[in-house]
Structures are given as C-alpha cells and as structure tokens.
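Shown next: data-v7.cif, containing mmCIF, C-alpha atoms and all ligand atoms.
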data_my_file
#
loop_
_atom_site.label_atom_id
_atom_site.label_comp_id
_atom_site.auth_asym_id
_atom_site.auth_seq_id
_atom_site.Cartn_x
_atom_site.Cartn_y
_atom_site.Cartn_z
CA MET A 1 49.44 261.92 105.58
CA LYS A 2 46.78 259.22 105.21
CA LEU A 3 47.42 255.98 107.10
CA VAL A 4 45.59 252.75 106.35
CA ARG A 5 45.41 249.13 107.40
CA TYR A 6 44.83 246.80 104.48
CA GLY A 7 44.21 243.12 103.90
CA GLU A 8 42.02 240.37 105.26
CA LYS A 9 40.12 240.86 108.49
CA GLY A 10 42.34 240.10 111.46
CA ALA A 11 45.50 240.10 109.32
CA GLU A 12 45.67 243.75 108.26
CA LYS A 13 49.02 245.31 107.44
CA PRO A 14 50.05 248.93 107.91
CA GLY A 15 50.22 251.22 104.92
CA LEU A 16 49.94 254.76 103.73
CA LEU A 17 48.06 256.23 100.84
CA ASP A 18 50.34 257.89 98.31
CA GLY A 19 49.52 260.95 96.21
CA ASP A 20 47.97 258.75 93.52
CA GLY A 21 45.60 257.06 95.96
CA ARG A 22 47.59 253.80 95.95
CA VAL A 23 48.56 251.94 99.09
CA ARG A 24 52.23 251.74 100.04
CA ASP A 25 53.36 249.05 102.45
CA LEU A 26 54.69 250.27 105.79
CA SER A 27 55.29 246.86 107.32
CA GLY A 28 59.06 247.28 106.92
CA HIS A 29 58.85 250.24 109.29
CA VAL A 30 56.02 249.63 111.77
CA ALA A 31 54.18 246.54 112.98
CA ASP A 32 50.74 248.15 112.76
CA ILE A 33 48.98 251.51 112.62
CA ASP A 34 48.41 251.58 116.35
CA GLY A 35 49.33 253.50 119.46
CA ALA A 36 52.99 252.61 119.13
CA CYS A 37 53.37 254.56 115.88
CA LEU A 38 50.80 257.30 116.49
CA THR A 39 52.74 259.32 119.05
CA ARG A 40 54.19 262.61 117.81
CA ALA A 41 57.58 260.97 117.42
CA GLY A 42 56.06 257.99 115.62
CA ILE A 43 54.17 260.13 113.15
CA ALA A 44 57.23 262.32 112.53
CA ALA A 45 59.21 259.18 111.66
CA LEU A 46 56.55 258.08 109.16
CA GLN A 47 56.37 261.56 107.65
CA ALA A 48 60.11 261.47 107.03
CA LEU A 49 59.68 258.47 104.70
CA ASP A 50 59.48 258.96 100.94
CA PRO A 51 56.28 257.15 99.87
CA ALA A 52 57.87 256.34 96.50
CA SER A 53 60.50 254.30 98.33
CA LEU A 54 57.87 252.02 99.90
CA PRO A 55 56.61 248.86 98.20
CA LEU A 56 53.46 249.43 96.18
CA VAL A 57 50.54 247.25 97.26
CA GLU A 58 48.53 245.67 94.46
CA GLY A 59 44.90 246.62 94.09
CA THR A 60 42.72 249.67 94.43
CA PRO A 61 41.77 250.48 98.02
CA GLN A 62 38.06 250.02 98.77
CA GLN A 63 37.56 248.30 95.43
CA ASP A 64 39.58 245.12 95.12
CA LEU A 65 41.75 245.86 98.17
CA ARG A 66 39.97 245.63 101.52
CA LEU A 67 40.75 248.22 104.16
CA GLY A 68 40.42 247.43 107.84
CA ALA A 69 39.73 249.92 110.60
CA CYS A 70 42.44 252.56 110.20
CA VAL A 71 43.64 252.08 113.81
CA GLY A 72 44.64 248.71 115.25
CA GLY A 73 44.92 247.61 118.86
CA VAL A 74 42.46 250.23 120.07
CA GLY A 75 42.48 250.25 123.87
CA LYS A 76 39.47 252.51 124.39
CA PHE A 77 36.70 253.40 121.97
CA LEU A 78 34.76 256.25 123.52
CA ALA A 79 31.96 258.37 122.13
CA VAL A 80 30.23 261.63 122.90
CA GLY A 81 26.43 261.70 122.88
CA LEU A 82 24.13 264.51 121.75
CA ASN A 83 27.00 266.74 120.67
CA TYR A 84 25.01 268.57 117.99
CA ALA A 85 22.21 270.78 119.26
CA ASP A 86 19.93 269.96 116.33
CA HIS A 87 20.47 266.19 116.82
CA ALA A 88 19.61 266.53 120.53
CA ALA A 89 16.38 268.21 119.46
CA GLU A 90 15.42 265.40 117.07
CA ALA A 91 16.20 262.86 119.81
CA GLY A 92 13.88 264.76 122.14
CA MET A 93 16.70 265.39 124.62
CA ASP A 94 18.25 268.52 126.12
CA VAL A 95 21.54 269.88 124.81
CA PRO A 96 24.01 268.64 127.43
CA THR A 97 25.82 271.17 129.61
CA GLU A 98 28.92 268.96 129.64
CA PRO A 99 29.91 266.16 127.25
CA ILE A 100 28.01 262.86 127.61
CA LEU A 101 30.56 260.06 127.42
CA PHE A 102 29.82 256.45 126.67
CA THR A 103 31.78 253.41 125.56
CA LYS A 104 31.66 251.42 122.38
CA TRP A 105 33.11 247.96 123.06
CA THR A 106 36.27 247.50 121.00
CA SER A 107 34.96 244.20 119.60
CA CYS A 108 32.50 246.31 117.57
CA ILE A 109 35.31 247.81 115.48
CA ALA A 110 35.04 247.01 111.77
CA GLY A 111 36.55 248.01 108.46
CA PRO A 112 34.96 250.94 106.64
CA ASP A 113 33.29 248.79 104.00
CA ASP A 114 32.59 245.60 105.91
CA ASP A 115 29.07 244.21 105.75
CA LEU A 116 26.93 244.99 108.78
CA HIS A 117 25.24 241.90 110.20
CA LEU A 118 21.94 243.02 111.71
CA PRO A 119 22.02 241.55 115.21
CA GLU A 120 19.59 238.76 116.03
CA GLY A 121 16.38 240.26 117.37
CA SER A 122 17.22 243.83 116.34
CA THR A 123 14.34 246.00 115.15
CA ALA A 124 15.87 249.46 115.54
CA THR A 125 19.41 249.56 114.16
CA ASP A 126 20.33 253.10 113.20
CA TRP A 127 23.20 255.07 111.69
CA GLU A 128 25.32 258.03 112.89
CA VAL A 129 28.09 259.58 110.79
CA GLU A 130 30.73 261.06 113.10
CA LEU A 131 34.11 262.72 113.14
CA GLY A 132 36.53 260.42 114.96
CA ILE A 133 39.52 261.61 116.98
CA VAL A 134 42.55 259.31 117.24
CA ILE A 135 44.77 259.95 120.26
CA GLY A 136 48.51 260.28 119.68
CA ASP A 137 50.48 261.03 122.83
CA GLY A 138 48.50 259.93 125.86
CA GLY A 139 47.89 261.82 129.04
CA ARG A 140 45.46 262.72 131.77
CA ASP A 141 44.21 266.11 132.97
CA ILE A 142 45.20 267.51 129.59
CA LEU A 143 44.77 271.28 129.44
CA MET A 144 42.51 272.69 126.72
CA ASP A 145 45.36 274.64 125.13
CA ARG A 146 47.53 271.50 124.99
CA ALA A 147 44.82 269.15 123.75
CA ALA A 148 45.70 269.55 120.07
CA ASP A 149 49.15 268.14 120.82
CA HIS A 150 47.50 264.85 121.84
CA ILE A 151 45.46 264.36 118.65
CA ALA A 152 47.23 262.14 116.09
CA GLY A 153 44.53 262.59 113.50
CA TYR A 154 40.94 262.19 112.42
CA CYS A 155 38.78 259.62 110.66
CA VAL A 156 35.21 258.77 109.68
CA ILE A 157 33.19 256.65 112.13
CA ASN A 158 29.71 255.20 111.76
CA ASP A 159 28.40 255.02 115.35
CA ILE A 160 25.86 252.30 114.59
CA SER A 161 23.26 252.07 117.33
CA GLU A 162 20.39 249.74 118.26
CA ARG A 163 17.90 252.24 119.68
CA ASP A 164 15.71 249.85 121.67
CA TRP A 165 18.75 248.28 123.29
CA GLN A 166 20.30 251.73 123.87
CA LEU A 167 17.30 253.47 125.38
CA ARG A 168 14.76 250.90 126.58
CA ARG A 169 16.73 247.94 127.87
CA GLY A 170 17.84 249.57 131.12
CA GLY A 171 21.07 251.07 132.41
CA THR A 172 23.57 252.87 130.23
CA TRP A 173 23.48 253.29 126.46
CA ASP A 174 26.23 250.73 125.96
CA LYS A 175 24.01 247.73 125.14
CA GLY A 176 22.88 249.45 121.96
CA LYS A 177 26.27 250.78 120.94
CA GLY A 178 28.71 247.89 121.02
CA HIS A 179 27.42 244.99 118.94
CA ASP A 180 29.88 243.37 116.53
CA GLY A 181 30.27 245.59 113.47
CA PHE A 182 28.74 248.68 115.11
CA GLY A 183 32.00 250.62 114.82
CA PRO A 184 33.33 250.98 111.27
CA ILE A 185 36.45 253.20 111.45
CA GLY A 186 38.21 254.59 108.40
CA PRO A 187 38.93 254.34 105.47
CA TRP A 188 42.04 256.21 106.56
CA LEU A 189 43.49 258.09 109.47
CA VAL A 190 44.36 261.60 108.29
CA THR A 191 47.06 263.14 110.45
CA ALA A 192 46.05 266.31 112.26
CA ASP A 193 48.44 268.52 110.27
CA ASP A 194 46.31 267.82 107.17
CA ILE A 195 43.06 268.88 108.91
CA PRO A 196 43.69 272.52 109.79
CA ASP A 197 40.12 273.13 110.99
CA PRO A 198 38.23 270.07 112.28
CA ARG A 199 35.28 272.40 113.01
CA ALA A 200 34.70 273.13 109.32
CA LEU A 201 34.05 269.68 107.84
CA ARG A 202 30.93 268.60 106.02
CA LEU A 203 29.66 265.15 107.02
CA TRP A 204 26.89 263.16 105.38
CA LEU A 205 25.23 259.75 105.29
CA GLU A 206 22.94 258.07 102.75
CA VAL A 207 20.88 254.89 102.90
CA ASP A 208 20.18 253.42 99.45
CA GLY A 209 21.09 256.78 97.91
CA HIS A 210 18.72 258.81 100.10
CA ARG A 211 20.64 261.47 101.98
CA HIS A 212 19.51 261.39 105.61
CA GLN A 213 22.38 263.28 107.24
CA ASP A 214 24.03 266.39 105.78
CA GLY A 215 25.70 268.45 108.48
CA THR A 216 28.85 270.28 109.42
CA THR A 217 31.17 269.93 112.37
CA ALA A 218 30.75 273.71 112.79
CA THR A 219 27.56 272.98 114.78
CA MET A 220 29.20 270.67 117.32
CA VAL A 221 28.53 271.72 120.92
CA PHE A 222 31.95 270.63 122.22
CA GLY A 223 34.91 270.69 119.81
CA PRO A 224 37.68 268.09 119.57
CA GLU A 225 40.09 269.89 121.90
CA GLU A 226 37.45 270.34 124.57
CA ILE A 227 36.44 266.68 124.24
CA VAL A 228 40.04 265.48 124.64
CA SER A 229 40.66 267.72 127.62
CA TYR A 230 37.34 266.83 129.26
CA THR A 231 37.70 263.08 128.71
CA SER A 232 41.22 263.06 130.13
CA ARG A 233 39.88 264.22 133.49
CA PHE A 234 38.07 260.89 133.87
CA THR A 235 40.49 258.46 132.25
CA THR A 236 44.08 258.40 131.08
CA LEU A 237 44.01 258.66 127.33
CA GLN A 238 46.44 256.30 125.65
CA PRO A 239 47.98 256.34 122.19
CA GLY A 240 45.57 254.81 119.69
CA ASP A 241 42.43 255.46 121.71
CA VAL A 242 39.52 256.56 119.52
CA ILE A 243 36.76 259.03 120.38
CA ALA A 244 33.64 259.48 118.23
CA THR A 245 32.46 263.06 118.60
CA GLY A 246 28.72 262.92 118.04
CA THR A 247 26.38 263.00 115.07
CA PRO A 248 24.46 265.73 113.24
CA PRO A 249 20.68 265.41 112.73
CA GLY A 250 19.08 262.96 110.34
CA VAL A 251 19.36 259.64 112.18
CA GLY A 252 16.63 257.06 111.64
CA MET A 253 15.23 257.59 115.15
CA GLY A 254 14.61 261.24 114.25
CA GLN A 255 12.44 260.50 111.17
CA LYS A 256 8.68 260.70 111.54
CA PRO A 257 7.88 257.86 111.84
CA PRO A 258 11.32 256.43 112.72
CA VAL A 259 13.11 254.49 109.96
CA TYR A 260 15.56 251.71 110.75
CA LEU A 261 17.96 249.59 108.74
CA LYS A 262 16.77 246.54 106.84
CA ARG A 263 18.72 243.69 105.35
CA GLY A 264 19.83 244.45 101.81
CA GLN A 265 20.18 248.18 102.33
CA VAL A 266 23.46 250.01 101.74
CA MET A 267 24.82 252.87 103.84
CA ARG A 268 27.30 255.33 102.38
CA LEU A 269 28.84 258.04 104.50
CA GLY A 270 31.72 260.45 104.39
CA ILE A 271 33.45 263.52 105.73
CA ASP A 272 35.31 266.17 103.71
CA GLY A 273 38.95 265.13 103.37
CA LEU A 274 38.52 261.95 105.43
CA GLY A 275 37.09 259.64 102.77
CA GLN A 276 33.98 257.52 102.56
CA GLN A 277 32.59 254.28 103.98
CA ARG A 278 30.09 251.84 102.52
CA GLN A 279 28.33 249.13 104.48
CA LYS A 280 25.80 246.64 103.17
CA VAL A 281 23.29 245.44 105.77
CA ILE A 282 23.03 241.66 105.79
ZN ZN A 301 26.97 258.77 118.20
#
Spit out the file's structure as structure tokens when you get a sec.
Amino acid sequence: MKLVRYGEKGAEKPGLLDGDGRVRDLSGHVADIDGACLTRAGIAALQALDPASLPLVEGTPQQDLRLGACVGGVGKFLAVGLNYADHAAEAGMDVPTEPILFTKWTSCIAGPDDDLHLPEGSTATDWEVELGIVIGDGGRDILMDRAADHIAGYCVINDISERDWQLRRGGTWDKGKGHDGFGPIGPWLVTADDIPDPRALRLWLEVDGHRHQDGTTATMVFGPEEIVSYTSRFTTLQPGDVIATGTPPGVGMGQKPPVYLKRGQVMRLGIDGLGQQRQKVI
C-alpha cells in the first residue's frame, strides 16, 4: 500500500495511491498519515479498505496535484551518517564501527517536489539520496529480531546538507542538516509488506540530468533492522518517527573538485519501488 499526503503546503490531506496511480481520499477514515494511523493496527485498518470505495481526488500526483511529505506530525527526524563504506571513503572518513546518529530538525521537512531555497550565505549545499524508515509501533530497547515489527514502511528522502555548516562551523553536524527544505520526504510511504527486501533497492540521484549517485542498499553498513534496534537504545521511538539511513557515494562533496548546488538547477532522485522526487533549486 502506498500512502500519500496531498494538497497545499500546511493543509495536506491523507490519501492512498490506487492501482492506477490516482490518489484516493482517506480523510473520511483518518485525520492524517501520521503516527496515529501508522501502528500495525492502524495500517491493518487502512489495508482492509477497498480503494475503489474511496473518493477519487482530481489531478495527477506530482504533476498538477502537489504531494506533501508522506508522513505528517513527525516527532523525530533522525539520520545515520556514513552508512555506506564507499561514501565514507569519498568523505575521507572511517567506516563507523557503530551507527552515527544525528538529527534533522523537523522544520526542514518538505514535500518531494517542493522547490529548495538555497539558504542565505550557503556556498556548499549538497544532495544525498537515502532510504527512509518510518516507525510504526513505537518502543525502546527493541531487539534486532523484533525490529521489523516496528517499521511501518519506507520512503525516499533527500538528506540535503550544507557542508561548511555541517563540518566547519563547530559542534555537531546538525547546523548543516536542518535548514528549511533540507528534508524532502516522499512521494509516498510504501508499507513494509510491499518491500520484501529493503537491502536490495537501487537508489540514484541526478542534477540537471547528470547522474551523480547510482547505488544499492545492498552496500549499507547497518541495515534497517539494526538501525531501529540500535536507535531505540538511546531514545524511545514513537509512531511516525522517520530515520534516514545514509547515502551511497556520489555526493557533491566527493567530486574532485567538489560540486555544489546552484540556483536554477534541478535534482531528481529515486529508489526502486518508492517513487521519485524532483526539486528545483531557487
Ligand atoms: Zn545523509
């Protein structure tokens, strides 16, 4: 099942994508696609609905129908750093022996196709296509072999990053990770039952048609279940929390010389089975 949030920014409604790629309105059943409906029980209730019985929403998603981030009311937006060995190498850093966790401020969350405003004073804004985990049932100290039960589904995330602010402005990475618009999430949340092997997904990103990233989740250092289990030792995971799981090689910082985003450029990115995003840099 593919869940979406559609409509104007700040006024998105819940929906699901039917077999023809059209949006069906879920607002008669749930208030939002958020933690309240992403528990196992909540998803089971949505899966019991017949899409044909739901009102059809006018417009073609991602063309004349805007999609918002596919999860609303996100309490925590976490991310794992350097989770692909070949990306760690291009960043000039060691492969971590345990997951690096950092926070993306939730105010950075954007729709999958929203324009990216280059922040004032930014000279090193970069891209990172990533597999996103959406938490269903919450918990803490989640055992590895139970972690899959806590994953509602998966989505595409662009972990947009200002490298100077991340690495050279002191302290943690967070300054370069949380600017408004730095967290496009979507286009849709695909429930975990439709992604039988999250470690076998191709993920890619292009800037103005040039393919910079072309990787596979098979080369992740720590897989989704390990990330969920590990993270839950430090914080209680709550329904609707989102975790970005790291990026494959090919970021701008890794080019020689480094290449960063300029106004007017267009990013396109996608993951097998999870859809595509498109952001214009303005
Ligand atoms: Zn990242």
_Selection: 9 Å around Asp180 (chain A), all atoms listed in the file, excl. self and same-chain fewer than 4 positions, as a VMD selection string_ = chain A and resid 105 to 110 116 to 117 119
Would you save the residues of that selection, restricted to C-alpha atoms, as a compact mmCIF listing (two decimals), keeping the file's coordinate frame?
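The result, stored in out.txt:
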# COMPACT_ATOMS: atom_id res chain seq x y z
CA TRP A 105 33.11 247.96 123.06
CA THR A 106 36.27 247.50 121.00
CA SER A 107 34.96 244.20 119.60
CA CYS A 108 32.50 246.31 117.57
CA ILE A 109 35.31 247.81 115.48
CA ALA A 110 35.04 247.01 111.77
CA LEU A 116 26.93 244.99 108.78
CA HIS A 117 25.24 241.90 110.20
CA PRO A 119 22.02 241.55 115.21
*Could you give me, as a PyMOL selection string, every polymer residue with an atom at most 7 Å away from an atom of ligand ZN 301 (chain A), counting only C-alpha atoms and all ligand atoms?*
chain A and resi 79-81+128+130+159+244-247
Produce a file of the selected residues containing C-alpha atoms, as a tab-separated table (two decimals), in the frame of the given file.
chain	number	residue	atom	x	y	z
A	79	ALA	CA	31.96	258.37	122.13
A	80	VAL	CA	30.23	261.63	122.90
A	81	GLY	CA	26.43	261.70	122.88
A	128	GLU	CA	25.32	258.03	112.89
A	130	GLU	CA	30.73	261.06	113.10
A	159	ASP	CA	28.40	255.02	115.35
A	244	ALA	CA	33.64	259.48	118.23
A	245	THR	CA	32.46	263.06	118.60
A	246	GLY	CA	28.72	262.92	118.04
A	247	THR	CA	26.38	263.00	115.07
_Using all atoms listed in the file, can you tell me which of A:Val4, A:Leu78, A:Val259, A:Leu46 comes closest to Thr235 (chain A)?_
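So, comparing all the options, the nearest one is A:Leu78.
Each of A:Ala48, A:Leu269, A:Ala200, A:Ile243 was checked against Leu101 (chain A) using all atoms listed in the file; the smallest atom-to-atom distance is that of A:Ile243.
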*CA of Gly176 (chain A) to CA of Arg163 (chain A), straight-line distance in Å*: 6.1 Å
*Pick out the closest residue to Gln238 (chain A) from this set: A:Ala36, A:Ala41, A:Val251, A:Ala124. Count only C-alpha atoms.*
A:Ala36
*asked:* Counting all atoms listed in the file, which residues sit no farther than 12 Å from the position (13.6, 251.9, 122.4) in the file's frame? I'd like them as a PyMOL selection string.
replied: chain A and resi 91+122-126+161-170+173+175-176+253+258+260
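Residues in contact with Val129 (chain A) at 10 Å, where all atoms listed in the file are counted and same-chain residues fewer than 2 positions away are skipped, are listed as Trp127, Leu131, Gly132, Val156, Ile157, Asn158, Asp159, Ile160, Leu203, Trp204, Leu205, Glu206, Gln213, Asp214, Gly215, Ala244, Thr245, Gly246, Thr247, Pro248, Pro249, Gly250, Val251, Arg268, Leu269, Gly270, Ile271 and Gln277 of chain A.
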Residues from the last selection, C-alpha atoms, saved as a short mmCIF file (atom, residue, chain, number, x, y, z; two decimals), in the coordinates of the input:
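Wrote again.cif, looks like this:
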data_model
loop_
_atom_site.label_atom_id
_atom_site.label_comp_id
_atom_site.auth_asym_id
_atom_site.auth_seq_id
_atom_site.Cartn_x
_atom_site.Cartn_y
_atom_site.Cartn_z
CA TRP A 127 23.20 255.07 111.69
CA LEU A 131 34.11 262.72 113.14
CA GLY A 132 36.53 260.42 114.96
CA VAL A 156 35.21 258.77 109.68
CA ILE A 157 33.19 256.65 112.13
CA ASN A 158 29.71 255.20 111.76
CA ASP A 159 28.40 255.02 115.35
CA ILE A 160 25.86 252.30 114.59
CA LEU A 203 29.66 265.15 107.02
CA TRP A 204 26.89 263.16 105.38
CA LEU A 205 25.23 259.75 105.29
CA GLU A 206 22.94 258.07 102.75
CA GLN A 213 22.38 263.28 107.24
CA ASP A 214 24.03 266.39 105.78
CA GLY A 215 25.70 268.45 108.48
CA ALA A 244 33.64 259.48 118.23
CA THR A 245 32.46 263.06 118.60
CA GLY A 246 28.72 262.92 118.04
CA THR A 247 26.38 263.00 115.07
CA PRO A 248 24.46 265.73 113.24
CA PRO A 249 20.68 265.41 112.73
CA GLY A 250 19.08 262.96 110.34
CA VAL A 251 19.36 259.64 112.18
CA ARG A 268 27.30 255.33 102.38
CA LEU A 269 28.84 258.04 104.50
CA GLY A 270 31.72 260.45 104.39
CA ILE A 271 33.45 263.52 105.73
CA GLN A 277 32.59 254.28 103.98
#
*Choose the residue, out of A:Leu26, A:Val134, A:Ile195, A:Leu261, that has the smallest atom-to-atom separation from Ser53 (chain A); count all atoms listed in the file.*
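For Ser53 (chain A), the nearest of the given residues is A:Leu26.
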*Closest to Pro112 (chain A) among A:Phe77, A:Tyr6, A:Tyr230, A:Phe222, using only C-alpha atoms?*
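Smallest separation from Pro112 (chain A) among the options: A:Tyr6.
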Give one line per residue of region 59-80 of chain A that approaches region 30-33 of chain A to at most 12 Å, naming the two atoms of the closest pair and their distance in Å to one decimal, counting all atoms listed in the file; sort by chain then ascending residue number and deliver it as a tab-separated table.
residue	atom	partner	partner_atom	distance
A:Gly68	CA	A:Ile33	CA	10.6
A:Ala69	CA	A:Ile33	CA	9.6
A:Cys70	CA	A:Ile33	CA	7.1
A:Val71	CA	A:Ile33	CA	5.5
A:Gly72	CA	A:Ile33	CA	5.8
A:Gly73	CA	A:Ile33	CA	8.4
A:Val74	CA	A:Ile33	CA	10.0
